[in-house]
Structure formats: C-alpha cells, structure tokens
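What follows is the content of work-v2.pdb (PDB, C-alpha atoms, pLDDT in the B column).
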ATOM      1  CA  MET A   1    -130.796 -32.608-156.369  1.00 48.00           C
ATOM      2  CA  SER A   2    -127.631 -30.566-156.622  1.00 51.00           C
ATOM      3  CA  GLU A   3    -127.567 -26.822-156.727  1.00 55.00           C
ATOM      4  CA  THR A   4    -126.790 -25.079-159.971  1.00 53.00           C
ATOM      5  CA  SER A   5    -124.085 -22.502-160.372  1.00 56.00           C
ATOM      6  CA  PRO A   6    -123.596 -19.925-163.121  1.00 55.00           C
ATOM      7  CA  ASP A   7    -121.303 -22.491-164.826  1.00 60.00           C
ATOM      8  CA  THR A   8    -123.903 -25.285-164.743  1.00 61.00           C
ATOM      9  CA  PRO A   9    -127.033 -24.949-166.871  1.00 63.00           C
ATOM     10  CA  ALA A  10    -130.310 -25.580-165.100  1.00 79.00           C
ATOM     11  CA  TYR A  11    -132.095 -28.858-165.819  1.00 75.00           C
ATOM     12  CA  ASP A  12    -134.965 -27.111-167.645  1.00 77.00           C
ATOM     13  CA  GLU A  13    -132.508 -25.284-169.871  1.00 77.00           C
ATOM     14  CA  MET A  14    -130.677 -28.519-170.739  1.00 71.00           C
ATOM     15  CA  THR A  15    -133.986 -30.237-171.507  1.00 76.00           C
ATOM     16  CA  ARG A  16    -135.006 -27.367-173.762  1.00 71.00           C
ATOM     17  CA  ASP A  17    -131.632 -27.493-175.545  1.00 81.00           C
ATOM     18  CA  ILE A  18    -131.796 -31.241-176.224  1.00 83.00           C
ATOM     19  CA  ALA A  19    -135.397 -30.894-177.392  1.00 86.00           C
ATOM     20  CA  GLU A  20    -134.182 -28.608-180.170  1.00 90.00           C
ATOM     21  CA  VAL A  21    -131.603 -31.085-181.502  1.00 91.00           C
ATOM     22  CA  PRO A  22    -132.811 -33.206-184.441  1.00 93.00           C
ATOM     23  CA  ALA A  23    -132.695 -36.970-183.851  1.00 94.00           C
ATOM     24  CA  VAL A  24    -130.317 -37.448-186.790  1.00 95.00           C
ATOM     25  CA  GLU A  25    -127.811 -35.128-185.136  1.00 94.00           C
ATOM     26  CA  VAL A  26    -128.020 -37.037-181.844  1.00 94.00           C
ATOM     27  CA  ILE A  27    -127.529 -40.382-183.638  1.00 96.00           C
ATOM     28  CA  VAL A  28    -124.564 -39.102-185.653  1.00 96.00           C
ATOM     29  CA  THR A  29    -122.973 -37.533-182.554  1.00 96.00           C
ATOM     30  CA  VAL A  30    -123.271 -40.774-180.595  1.00 97.00           C
ATOM     31  CA  ALA A  31    -121.846 -42.729-183.554  1.00 98.00           C
ATOM     32  CA  VAL A  32    -118.868 -40.380-183.857  1.00 98.00           C
ATOM     33  CA  ASN A  33    -118.222 -40.653-180.108  1.00 98.00           C
ATOM     34  CA  LEU A  34    -118.295 -44.465-180.342  1.00 98.00           C
ATOM     35  CA  MET A  35    -115.920 -44.332-183.316  1.00 98.00           C
ATOM     36  CA  SER A  36    -113.507 -42.057-181.486  1.00 98.00           C
ATOM     37  CA  ALA A  37    -113.520 -44.202-178.359  1.00 98.00           C
ATOM     38  CA  ALA A  38    -113.007 -47.361-180.426  1.00 98.00           C
ATOM     39  CA  ALA A  39    -110.055 -45.786-182.253  1.00 98.00           C
ATOM     40  CA  VAL A  40    -108.426 -44.969-178.909  1.00 98.00           C
ATOM     41  CA  LYS A  41    -108.995 -48.513-177.614  1.00 98.00           C
ATOM     42  CA  LEU A  42    -107.557 -49.921-180.859  1.00 98.00           C
ATOM     43  CA  GLY A  43    -104.380 -47.889-180.366  1.00 97.00           C
ATOM     44  CA  LEU A  44    -104.986 -45.782-183.485  1.00 97.00           C
ATOM     45  CA  THR A  45    -104.318 -42.409-181.869  1.00 94.00           C
ATOM     46  CA  GLU A  46    -101.073 -40.513-181.357  1.00 92.00           C
ATOM     47  CA  GLU A  47    -100.707 -42.212-177.972  1.00 89.00           C
ATOM     48  CA  GLY A  48    -100.582 -45.562-179.767  1.00 88.00           C
ATOM     49  CA  ASP A  49    -100.705 -48.561-177.471  1.00 90.00           C
ATOM     50  CA  LYS A  50    -100.969 -46.511-174.274  1.00 94.00           C
ATOM     51  CA  TYR A  51    -104.759 -46.948-174.129  1.00 96.00           C
ATOM     52  CA  LYS A  52    -105.047 -50.040-176.314  1.00 97.00           C
ATOM     53  CA  ASP A  53    -107.620 -52.512-174.995  1.00 97.00           C
ATOM     54  CA  LEU A  54    -109.098 -54.881-177.568  1.00 97.00           C
ATOM     55  CA  ASP A  55    -111.818 -56.154-175.230  1.00 97.00           C
ATOM     56  CA  GLU A  56    -113.081 -52.602-174.779  1.00 98.00           C
ATOM     57  CA  ALA A  57    -112.651 -51.894-178.505  1.00 98.00           C
ATOM     58  CA  ARG A  58    -114.780 -54.946-179.372  1.00 98.00           C
ATOM     59  CA  LYS A  59    -117.629 -53.627-177.214  1.00 98.00           C
ATOM     60  CA  LEU A  60    -117.466 -50.165-178.745  1.00 98.00           C
ATOM     61  CA  VAL A  61    -117.308 -51.412-182.343  1.00 98.00           C
ATOM     62  CA  THR A  62    -120.210 -53.789-181.721  1.00 98.00           C
ATOM     63  CA  ALA A  63    -122.270 -50.977-180.178  1.00 98.00           C
ATOM     64  CA  LEU A  64    -121.490 -48.755-183.161  1.00 98.00           C
ATOM     65  CA  ALA A  65    -122.508 -51.493-185.599  1.00 98.00           C
ATOM     66  CA  GLY A  66    -125.769 -52.052-183.714  1.00 98.00           C
ATOM     67  CA  LEU A  67    -126.549 -48.332-183.671  1.00 98.00           C
ATOM     68  CA  LEU A  68    -125.875 -47.978-187.391  1.00 97.00           C
ATOM     69  CA  ASP A  69    -127.866 -51.104-188.213  1.00 97.00           C
ATOM     70  CA  ALA A  70    -130.835 -49.877-186.194  1.00 97.00           C
ATOM     71  CA  SER A  71    -130.720 -46.327-187.537  1.00 96.00           C
ATOM     72  CA  THR A  72    -129.955 -46.920-191.219  1.00 89.00           C
ATOM     73  CA  THR A  73    -133.522 -46.209-192.276  1.00 91.00           C
ATOM     74  CA  GLU A  74    -133.728 -43.218-189.934  1.00 93.00           C
ATOM     75  CA  ILE A  75    -130.711 -41.267-191.156  1.00 94.00           C
ATOM     76  CA  SER A  76    -129.964 -40.302-194.745  1.00 91.00           C
ATOM     77  CA  SER A  77    -127.284 -42.001-196.798  1.00 91.00           C
ATOM     78  CA  PHE A  78    -125.470 -38.658-196.620  1.00 92.00           C
ATOM     79  CA  HIS A  79    -124.896 -39.376-192.919  1.00 94.00           C
ATOM     80  CA  ALA A  80    -124.900 -43.177-193.008  1.00 95.00           C
ATOM     81  CA  ALA A  81    -122.312 -43.775-195.742  1.00 95.00           C
ATOM     82  CA  PRO A  82    -119.303 -42.180-194.002  1.00 97.00           C
ATOM     83  CA  LEU A  83    -120.305 -43.784-190.695  1.00 97.00           C
ATOM     84  CA  ARG A  84    -120.449 -47.222-192.343  1.00 97.00           C
ATOM     85  CA  ASP A  85    -117.036 -46.580-193.926  1.00 97.00           C
ATOM     86  CA  GLY A  86    -115.620 -45.619-190.535  1.00 98.00           C
ATOM     87  CA  LEU A  87    -117.144 -48.721-188.957  1.00 98.00           C
ATOM     88  CA  LYS A  88    -115.589 -50.969-191.607  1.00 98.00           C
ATOM     89  CA  SER A  89    -112.196 -49.315-191.046  1.00 98.00           C
ATOM     90  CA  LEU A  90    -112.462 -49.960-187.311  1.00 98.00           C
ATOM     91  CA  GLN A  91    -113.486 -53.569-187.900  1.00 98.00           C
ATOM     92  CA  LEU A  92    -110.503 -54.104-190.184  1.00 97.00           C
ATOM     93  CA  ALA A  93    -108.178 -52.402-187.685  1.00 97.00           C
ATOM     94  CA  PHE A  94    -109.507 -54.701-184.976  1.00 97.00           C
ATOM     95  CA  ARG A  95    -108.834 -57.760-187.133  1.00 96.00           C
ATOM     96  CA  GLU A  96    -105.312 -56.519-187.836  1.00 95.00           C
ATOM     97  CA  ALA A  97    -104.618 -55.772-184.154  1.00 95.00           C
ATOM     98  CA  SER A  98    -105.821 -59.182-182.954  1.00 95.00           C
ATOM     99  CA  VAL A  99    -103.168 -61.789-182.249  1.00 93.00           C
ATOM    100  CA  VAL A 100    -105.718 -64.478-183.128  1.00 91.00           C
ATOM    101  CA  PRO A 101    -108.177 -62.898-185.587  1.00 86.00           C
ATOM    102  CA  ASP A 102    -111.845 -63.830-185.365  1.00 93.00           C
ATOM    103  CA  GLU A 103    -113.355 -66.055-188.027  1.00 93.00           C
ATOM    104  CA  PRO A 104    -115.145 -64.090-190.771  1.00 92.00           C
ATOM    105  CA  GLY A 105    -118.533 -63.044-189.445  1.00 95.00           C
ATOM    106  CA  GLN A 106    -117.426 -63.370-185.803  1.00 96.00           C
ATOM    107  CA  GLY A 107    -115.557 -60.062-185.428  1.00 97.00           C
ATOM    108  CA  PRO A 108    -116.930 -57.075-183.546  1.00 98.00           C
ATOM    109  CA  GLY A 109    -120.204 -55.901-185.016  1.00 97.00           C
ATOM    110  CA  GLU A 110    -120.173 -58.466-187.811  1.00 97.00           C
ATOM    111  CA  LYS A 111    -123.448 -59.954-186.611  1.00 97.00           C
ATOM    112  CA  TYR A 112    -124.932 -56.651-187.818  1.00 97.00           C
ATOM    113  CA  THR A 113    -122.750 -55.955-190.867  1.00 96.00           C
ATOM    114  CA  GLY A 114    -121.872 -59.424-192.073  1.00 96.00           C
ATOM    115  CA  PRO A 115    -118.265 -60.540-192.572  1.00 96.00           C
ATOM    116  CA  VAL A 116    -115.792 -57.733-193.205  1.00 94.00           C
ATOM    117  CA  TYR A 117    -112.912 -58.257-195.604  1.00 89.00           C
ATOM    118  CA  GLY A 118    -110.080 -55.902-196.541  1.00 76.00           C
TER     119      GLY A 118
END
Let's see the structure in the file written out as structure tokens.
Amino acid sequence: MSETSPDTPAYDEMTRDIAEVPAVEVIVTVAVNLMSAAAVKLGLTEEGDKYKDLDEARKLVTALAGLLDASTTEISSFHAAPLRDGLKSLQLAFREASVVPDEPGQGPGEKYTGPVYG
C-alpha cells in the first residue's frame, strides 16, 4: 500500500466520504461523466475532431444507456428526464457523425432505449 501525504486523503477518510454520498448522486455523477466523455469522442467539444473516435463514443453511449435503463426506477424523474434527453442527443449526434449510419434500433444504446429518431 502506498504512503499517504498531506495532499492525499487516507483510505478511511475516502471511504467515509463516499459513504455519505447518496446513491442517486453517484449515479447522476457517473452518467454526466459518461455523457461528457461521449461528447468528446463524438467531436462535439471546442476541440472538434481532435479527439473524435466513434468506436469509443459507441461504447460510452451504450454504457450510458445501460446505466440509465437500469437506474430509471432508482432515480427520480427530476434526475432521469434531463439524462434521457442528453442520451438521445448523443445518440442522434452519433447517427449524424457516422459515415454509414446504423439501422434504426442498432445504434449505440438503442437496445436499451429503442430506435432513436430526430
């Protein structure tokens, strides 16, 4: 095990901190991180195509869709609705960015959300 420094919280302290975070907050934070990473891989950031990688974007969007599908009953619609909207936007951006778009229902995450149309 590595030594801790004043800049690195001790393991017990980190465990205590995470124990105080509500599950909904953890789920939403993970979803937002997946959305942000997918946006980068879709080339939707200021850097544009610099980090564009549709294979990586597909994985991230599918993971986001799976997380939202699995947690829909666990998080309120207050949290779920904007996340679902963001997911749909990413799915549509993926379809638009693809040279050969997937068939409806075959795009990233569509096995969880069903076909996505503009």
> Quick one: which residues end up in the PyMOL selection byres ((chain A and resi 73-77) around 12) for this structure, as a VMD selection string?
Replying inline: chain A and resid 22 to 28 31 67 to 72 78 to 85
>> When the PyMOL selection byres ((chain A and resi 105) around 6) is applied to the structure above, which residues does it catch, written out as a ChimeraX atom specification?
In response: /A:104,106-107,110,114-115
>> Counting all atoms listed in the file, which residues have an atom no more than 12 Å from (-117.3, -52.1, -181.0) in the file's coordinates? Please list them as a ChimeraX atom specification.
In response: /A:31,33-42,53-68,86-95,107-113
>> For a test of reading the model, state the distance in Å between CA of Glu96 in chain A and CA of Tyr117 in chain A, rounded to one decimal.
In response: 11.0 Å
>> Calculated over all atoms listed in the file, which of the candidates A:Ala97, A:Val116, A:Val30, A:Ala19 has the smallest distance to Gly43 in chain A?
In response: A:Ala97
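CA of Ser98 in chain A to CA of Lys52 in chain A spans 11.3 Å [interatomic distance, one decimal].
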> Do you have the CA of Thr29 in chain A-CA of Asp17 in chain A distance handy?
Replying inline: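 Computing it gives 15.0 Å between the two atoms.
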Listed atoms of range 39-53 of chain A boxed axis-aligned with 3 Å per side, centre + edges as JSON:
{"center_x": -105.3, "center_y": -46.5, "center_z": -178.8, "size_x": 15.5, "size_y": 18.0, "size_z": 15.4}
